file data27.tsv (TSV, C-alpha atoms)
chain	number	residue	atom	x	y	z
A	1	MET	CA	-8.13	7.87	13.24
A	2	PHE	CA	-6.52	5.52	15.76
A	3	SER	CA	-4.57	3.82	12.99
A	4	LEU	CA	-3.19	7.21	11.91
A	5	VAL	CA	-1.94	7.96	15.43
A	6	ALA	CA	-0.52	4.45	15.90
A	7	PHE	CA	1.16	4.67	12.52
A	8	ALA	CA	2.76	8.02	13.39
A	9	MET	CA	4.15	6.59	16.63
A	10	ILE	CA	5.52	3.33	15.26
A	11	TYR	CA	6.48	3.80	11.59
A	12	MET	CA	9.88	5.48	11.91
A	13	LEU	CA	10.87	3.13	14.71
A	14	SER	CA	10.10	0.13	12.49
A	15	GLN	CA	12.08	1.65	9.62
A	16	ILE	CA	15.12	2.11	11.84
A	17	ARG	CA	14.78	-1.42	13.19
A	18	ILE	CA	14.57	-3.18	9.84
A	19	HIS	CA	17.53	-1.22	8.47
A	20	THR	CA	19.79	-1.80	11.46
A	21	ASN	CA	18.98	-5.41	12.40
A	22	ASP	CA	20.60	-7.91	10.03
A	23	LYS	CA	18.63	-10.81	11.49
A	24	ILE	CA	15.30	-9.56	10.12
A	25	SER	CA	14.24	-11.73	7.20
A	26	VAL	CA	13.40	-10.60	3.67
A	27	PRO	CA	9.64	-11.30	4.01
A	28	VAL	CA	9.50	-9.03	7.06
A	29	CYS	CA	11.39	-6.31	5.18
A	30	TRP	CA	8.92	-6.60	2.33
A	31	VAL	CA	5.81	-6.72	4.54
A	32	GLN	CA	6.64	-3.31	6.01
A	33	LEU	CA	5.56	-1.95	2.62
A	34	SER	CA	1.95	-2.44	3.64
A	35	GLY	CA	2.10	-0.28	6.81
A	36	PRO	CA	1.53	3.19	5.36
A	37	ALA	CA	-0.49	1.74	2.48
A	38	VAL	CA	-3.15	0.33	4.78
A	39	VAL	CA	-3.36	3.60	6.74
A	40	LEU	CA	-3.66	5.70	3.56
A	41	TYR	CA	-6.31	3.40	2.12
A	42	GLY	CA	-8.28	3.43	5.38
A	43	PHE	CA	-7.99	7.20	5.68
A	44	SER	CA	-9.46	7.63	2.19
A	45	ILE	CA	-12.86	6.69	3.63
A	46	PHE	CA	-13.04	10.20	5.12
A	47	SER	CA	-13.41	11.67	1.65
A	48	GLN	CA	-16.67	9.88	0.95
A	49	PRO	CA	-20.11	11.09	1.95
A	50	GLY	CA	-21.62	8.68	4.44
A	51	SER	CA	-25.17	8.31	3.19
A	52	ASP	CA	-27.67	9.34	0.54
A	53	ARG	CA	-28.67	12.22	2.79
A	54	ASP	CA	-25.06	13.44	2.76
A	55	ASP	CA	-25.01	13.15	-1.04
A	56	PHE	CA	-28.15	15.26	-1.28
A	57	ALA	CA	-26.67	17.80	1.14
A	58	LEU	CA	-23.78	18.29	-1.29
A	59	LEU	CA	-26.27	19.49	-3.91
A	60	VAL	CA	-26.55	22.72	-1.91
A	61	GLU	CA	-23.71	24.94	-3.12
A	62	GLU	CA	-22.67	26.20	0.35
A	63	ASN	CA	-22.42	22.65	1.68
A	64	LYS	CA	-20.40	21.55	-1.34
A	65	GLU	CA	-17.99	24.48	-0.96
A	66	HIS	CA	-17.54	23.72	2.75
A	67	PHE	CA	-17.02	20.00	2.04
A	68	PHE	CA	-14.30	20.74	-0.51
A	69	TYR	CA	-12.72	23.43	1.69
A	70	VAL	CA	-12.41	21.05	4.64
A	71	HIS	CA	-11.00	18.28	2.49
A	72	ARG	CA	-8.50	20.52	0.71
A	73	THR	CA	-7.39	22.13	3.98
A	74	PHE	CA	-7.15	19.12	6.31
A	75	TYR	CA	-7.65	15.84	4.47
A	76	MET	CA	-5.35	16.30	1.46
A	77	PRO	CA	-2.25	17.40	3.41
A	78	ILE	CA	-2.51	14.22	5.50
A	79	MET	CA	-2.96	12.19	2.32
A	80	HIS	CA	0.17	13.80	0.81
A	81	VAL	CA	2.20	12.88	3.91
A	82	LEU	CA	0.88	9.32	3.86
A	83	PHE	CA	1.69	9.10	0.15
A	84	ALA	CA	5.26	10.21	0.91
A	85	PHE	CA	5.52	7.49	3.58
A	86	CYS	CA	4.20	4.93	1.06
A	87	MET	CA	6.95	5.93	-1.34
A	88	VAL	CA	9.59	5.79	1.43
A	89	SER	CA	8.36	2.28	2.27
A	90	MET	CA	8.56	1.19	-1.36
A	91	VAL	CA	12.15	2.42	-1.69
A	92	SER	CA	13.04	0.92	1.67
A	93	SER	CA	11.48	-2.45	0.80
A	94	LEU	CA	13.19	-2.63	-2.58
A	95	TYR	CA	16.53	-1.69	-1.04
A	96	LEU	CA	16.25	-4.29	1.73
A	97	VAL	CA	15.11	-7.07	-0.59
A	98	ARG	CA	18.00	-6.26	-2.94
A	99	SER	CA	20.56	-6.17	-0.14
A	100	LYS	CA	19.38	-9.49	1.35
A	101	TRP	CA	18.54	-11.21	-1.94
A	102	LYS	CA	21.62	-13.47	-2.07
A	103	ASP	CA	20.75	-15.27	1.16
A	104	PHE	CA	17.04	-15.32	0.39
A	105	SER	CA	17.40	-16.68	-3.15
A	106	GLU	CA	19.31	-19.71	-1.88
A	107	LYS	CA	16.38	-20.81	0.28
A	108	GLU	CA	13.83	-23.27	-1.02
A	109	PHE	CA	10.36	-21.93	-1.87
A	110	SER	CA	8.06	-22.04	1.11
A	111	PRO	CA	4.30	-21.49	1.30
A	112	ALA	CA	5.14	-18.51	3.53
A	113	HIS	CA	6.63	-16.79	0.47
A	114	VAL	CA	3.11	-16.39	-0.91
A	115	SER	CA	2.77	-13.50	1.55
A	116	PHE	CA	4.98	-11.42	-0.76
A	117	GLY	CA	1.92	-10.60	-2.87
A	118	ALA	CA	-0.20	-8.94	-0.19
A	119	PRO	CA	1.99	-5.90	0.62
A	120	LEU	CA	2.34	-4.96	-3.03
A	121	VAL	CA	-1.40	-5.30	-3.58
A	122	ALA	CA	-2.02	-3.11	-0.50
A	123	HIS	CA	0.46	-0.55	-1.86
A	124	VAL	CA	-1.28	-0.50	-5.25
A	125	ASN	CA	-4.69	-0.10	-3.56
A	126	ALA	CA	-3.31	2.85	-1.59
A	127	MET	CA	-1.99	4.45	-4.78
A	128	GLN	CA	-5.44	4.12	-6.35
A	129	ALA	CA	-7.09	5.67	-3.28
A	130	TYR	CA	-4.57	8.55	-3.36
A	131	ARG	CA	-5.13	9.03	-7.10
A	132	SER	CA	-8.88	9.14	-6.57
A	133	SER	CA	-8.60	11.71	-3.77
A	134	LEU	CA	-6.17	13.77	-5.80
A	135	GLN	CA	-8.52	13.79	-8.78
A	136	LYS	CA	-11.46	14.79	-6.62
A	137	PHE	CA	-9.91	17.49	-4.43
A	138	SER	CA	-6.94	18.85	-6.34
A	139	PRO	CA	-7.42	22.22	-8.04
A	140	ASN	CA	-4.89	21.14	-10.70
A	141	PRO	CA	-6.22	19.80	-14.03
A	142	PRO	CA	-6.07	16.06	-14.77
A	143	GLY	CA	-3.16	16.12	-17.25
A	144	THR	CA	-0.42	17.47	-14.97
A	145	THR	CA	2.96	15.76	-14.94
A	146	PHE	CA	2.55	14.43	-11.39
A	147	LYS	CA	-0.91	12.98	-12.05
A	148	LEU	CA	0.34	11.29	-15.22
A	149	TRP	CA	3.38	9.91	-13.40
A	150	LEU	CA	1.15	8.67	-10.58
A	151	TYR	CA	-1.16	6.94	-13.06
A	152	ARG	CA	1.79	5.21	-14.75
A	153	TYR	CA	3.26	4.21	-11.39
A	154	TRP	CA	-0.10	2.79	-10.30
A	155	ALA	CA	-0.57	0.88	-13.59
A	156	PHE	CA	2.97	-0.55	-13.43
A	157	GLY	CA	2.43	-1.56	-9.78
A	158	LEU	CA	-0.90	-3.17	-10.64
A	159	ILE	CA	0.69	-5.23	-13.41
A	160	CYS	CA	3.63	-6.26	-11.18
A	161	ALA	CA	1.33	-7.13	-8.27
A	162	THR	CA	-0.93	-9.21	-10.51
A	163	VAL	CA	1.97	-11.12	-12.01
A	164	MET	CA	3.56	-11.64	-8.59
A	165	VAL	CA	0.34	-12.98	-7.07
A	166	LEU	CA	-0.24	-15.30	-10.03
A	167	VAL	CA	3.33	-16.68	-9.95
A	168	LEU	CA	3.33	-17.17	-6.19
A	169	THR	CA	-0.09	-18.81	-6.27
A	170	TRP	CA	1.10	-21.14	-9.05
A	171	LYS	CA	4.22	-22.03	-7.07
A	172	PHE	CA	2.14	-22.55	-3.93
A	173	PHE	CA	-0.12	-25.11	-5.60
A	174	PHE	CA	2.81	-26.95	-7.14
A	175	THR	CA	5.17	-27.12	-4.15
A	176	PRO	CA	6.91	-30.43	-3.50
A	177	ALA	CA	4.89	-33.05	-1.64
A	178	ARG	CA	7.11	-32.81	1.45
A	179	MET	CA	5.78	-29.31	2.06
A	180	VAL	CA	2.21	-30.53	2.41
A	181	PRO	CA	1.45	-31.39	6.05
A	182	ASP	CA	1.14	-35.10	6.74
A	183	ARG	CA	-2.04	-35.43	8.80
A	184	ARG	CA	-1.65	-39.19	9.27
A	185	ARG	CA	1.07	-38.63	11.89
A	186	ARG	CA	-1.34	-36.96	14.30
call {"tool": "encode", "arguments": {"input": "data27.tsv", "output": "structure tokens"}}
result
Amino acid sequence: MFSLVAFAMIYMLSQIRIHTNDKISVPVCWVQLSGPAVVLYGFSIFSQPGSDRDDFALLVEENKEHFFYVHRTFYMPIMHVLFAFCMVSMVSSLYLVRSKWKDFSEKEFSPAHVSFGAPLVAHVNAMQAYRSSLQKFSPNPPGTTFKLWLYRYWAFGLICATVMVLVLTWKFFFTPARMVPDRRRR
């Protein structure tokens, strides 16, 4: 719950800062994609029963109705807001990378560029957690337009994240020798 409060206090401030400060680098602009994703993914733990005893308690119809009522009333609206922030971060990250791409593309590959994979993987994990919660608590049937779009978006993101991680890992292992630290100097 602390991460949700901290996120609410800091997120918009960080968005304003990365859009108004030209000195902020492309990796930092891309890393901000993981902020709402990590909070959404962490918040999805609230939708899971905590133990076998809790699972058995859900076999009683009144308990099950109360569980779903609480999650549809309180949990899902927060998840929808966090999902919206995840989408804002994706658009923001893509815009910033595109606007700063010319300067960034002229730089030589650095092992620090491998960090580009993590925010996208975190975003894809958050989309899967949101999809799972939506399937469990939404009164709408599985084949609705939004749920199909969300599945396609998640699958496309998963493919892109996998390819990005593989390419960056490949480049990392085959960087020029001058990028490997020389331990003999110490």
call {"tool": "closest_residue", "arguments": {"input": "data27.tsv", "among": "A:Ala37, A:Met164, A:Leu58, A:Ala6", "to": "Val88 in chain A", "atoms": "all atoms listed in the file"}}
result
A:Ala37
call {"tool": "residues_around", "arguments": {"input": "data27.tsv", "residues": "Leu134 in chain A", "least_positions_apart": "2", "cutoff": "12 Å", "atoms": "all atoms listed in the file", "output": "PyMOL selection string"}}
result
chain A and resi 44+47+68+71-72+75-80+83+127-132+136-142+144+146-148+150-151
call {"tool": "write_last_selection", "arguments": {"input": "data27.tsv", "atoms": "C-alpha atoms", "output": "tab-separated table (two decimals), in the frame of the given file"}}
result
chain	number	residue	atom	x	y	z
A	44	SER	CA	-9.46	7.63	2.19
A	47	SER	CA	-13.41	11.67	1.65
A	68	PHE	CA	-14.30	20.74	-0.51
A	71	HIS	CA	-11.00	18.28	2.49
A	72	ARG	CA	-8.50	20.52	0.71
A	75	TYR	CA	-7.65	15.84	4.47
A	76	MET	CA	-5.35	16.30	1.46
A	77	PRO	CA	-2.25	17.40	3.41
A	78	ILE	CA	-2.51	14.22	5.50
A	79	MET	CA	-2.96	12.19	2.32
A	80	HIS	CA	0.17	13.80	0.81
A	83	PHE	CA	1.69	9.10	0.15
A	127	MET	CA	-1.99	4.45	-4.78
A	128	GLN	CA	-5.44	4.12	-6.35
A	129	ALA	CA	-7.09	5.67	-3.28
A	130	TYR	CA	-4.57	8.55	-3.36
A	131	ARG	CA	-5.13	9.03	-7.10
A	132	SER	CA	-8.88	9.14	-6.57
A	136	LYS	CA	-11.46	14.79	-6.62
A	137	PHE	CA	-9.91	17.49	-4.43
A	138	SER	CA	-6.94	18.85	-6.34
A	139	PRO	CA	-7.42	22.22	-8.04
A	140	ASN	CA	-4.89	21.14	-10.70
A	141	PRO	CA	-6.22	19.80	-14.03
A	142	PRO	CA	-6.07	16.06	-14.77
A	144	THR	CA	-0.42	17.47	-14.97
A	146	PHE	CA	2.55	14.43	-11.39
A	147	LYS	CA	-0.91	12.98	-12.05
A	148	LEU	CA	0.34	11.29	-15.22
A	150	LEU	CA	1.15	8.67	-10.58
A	151	TYR	CA	-1.16	6.94	-13.06
call {"tool": "closest_residue", "arguments": {"input": "data27.tsv", "among": "A:Leu4, A:Val165, A:Ala126, A:Cys86", "to": "His113 in chain A", "atoms": "all atoms listed in the file"}}
result
A:Val165
call {"tool": "atom_distance", "arguments": {"input": "data27.tsv", "atom1": "CA of Val163 in chain A", "atom2": "CA of Gly117 in chain A"}}
result
9.2 Å
call {"tool": "closest_residue", "arguments": {"input": "data27.tsv", "among": "A:Ile16, A:Leu82, A:Leu166, A:Val31", "to": "Pro119 in chain A", "atoms": "only C-alpha atoms"}}
result
A:Val31
call {"tool": "atom_distance", "arguments": {"input": "data27.tsv", "atom1": "CA of Met12 in chain A", "atom2": "CA of Ser115 in chain A"}}
result
22.8 Å
call {"tool": "atom_distance", "arguments": {"input": "data27.tsv", "atom1": "CA of Met90 in chain A", "atom2": "CA of Gln48 in chain A"}}
result
26.8 Å
call {"tool": "closest_residue", "arguments": {"input": "data27.tsv", "among": "A:Leu96, A:Val38, A:Met9, A:Ala112", "to": "Thr169 in chain A", "atoms": "only C-alpha atoms"}}
result
A:Ala112
call {"tool": "build_atoms", "arguments": {"input": "data27.tsv", "residues": "range 35-49 of chain A", "atoms": "N, CA and C atoms", "output": "tab-separated table (two decimals), in the frame of the given file"}}
result
chain	number	residue	atom	x	y	z
A	35	GLY	N	2.45	-1.14	5.68
A	35	GLY	CA	2.10	-0.28	6.81
A	35	GLY	C	1.44	1.04	6.42
A	36	PRO	N	2.16	1.93	5.73
A	36	PRO	CA	1.53	3.19	5.36
A	36	PRO	C	0.44	3.02	4.31
A	37	ALA	N	0.52	1.97	3.51
A	37	ALA	CA	-0.49	1.74	2.48
A	37	ALA	C	-1.86	1.48	3.10
A	38	VAL	N	-1.88	0.66	4.13
A	38	VAL	CA	-3.15	0.33	4.78
A	38	VAL	C	-3.74	1.57	5.47
A	39	VAL	N	-2.89	2.37	6.07
A	39	VAL	CA	-3.36	3.60	6.74
A	39	VAL	C	-3.90	4.58	5.71
A	40	LEU	N	-3.19	4.78	4.60
A	40	LEU	CA	-3.66	5.70	3.56
A	40	LEU	C	-4.98	5.22	2.99
A	41	TYR	N	-5.07	3.94	2.68
A	41	TYR	CA	-6.31	3.40	2.12
A	41	TYR	C	-7.47	3.55	3.10
A	42	GLY	N	-7.23	3.26	4.37
A	42	GLY	CA	-8.28	3.43	5.38
A	42	GLY	C	-8.68	4.88	5.56
A	43	PHE	N	-7.70	5.77	5.51
A	43	PHE	CA	-7.99	7.20	5.68
A	43	PHE	C	-8.80	7.76	4.52
A	44	SER	N	-8.72	7.12	3.36
A	44	SER	CA	-9.46	7.63	2.19
A	44	SER	C	-10.97	7.54	2.38
A	45	ILE	N	-11.42	6.78	3.35
A	45	ILE	CA	-12.86	6.69	3.63
A	45	ILE	C	-13.42	8.04	4.06
A	46	PHE	N	-12.58	8.89	4.67
A	46	PHE	CA	-13.04	10.20	5.12
A	46	PHE	C	-13.49	11.09	3.97
A	47	SER	N	-13.05	10.81	2.77
A	47	SER	CA	-13.41	11.67	1.65
A	47	SER	C	-14.77	11.35	1.06
A	48	GLN	N	-15.42	10.32	1.53
A	48	GLN	CA	-16.67	9.88	0.95
A	48	GLN	C	-17.85	10.32	1.81
A	49	PRO	N	-18.90	10.82	1.17
A	49	PRO	CA	-20.11	11.09	1.95
A	49	PRO	C	-20.64	9.79	2.55
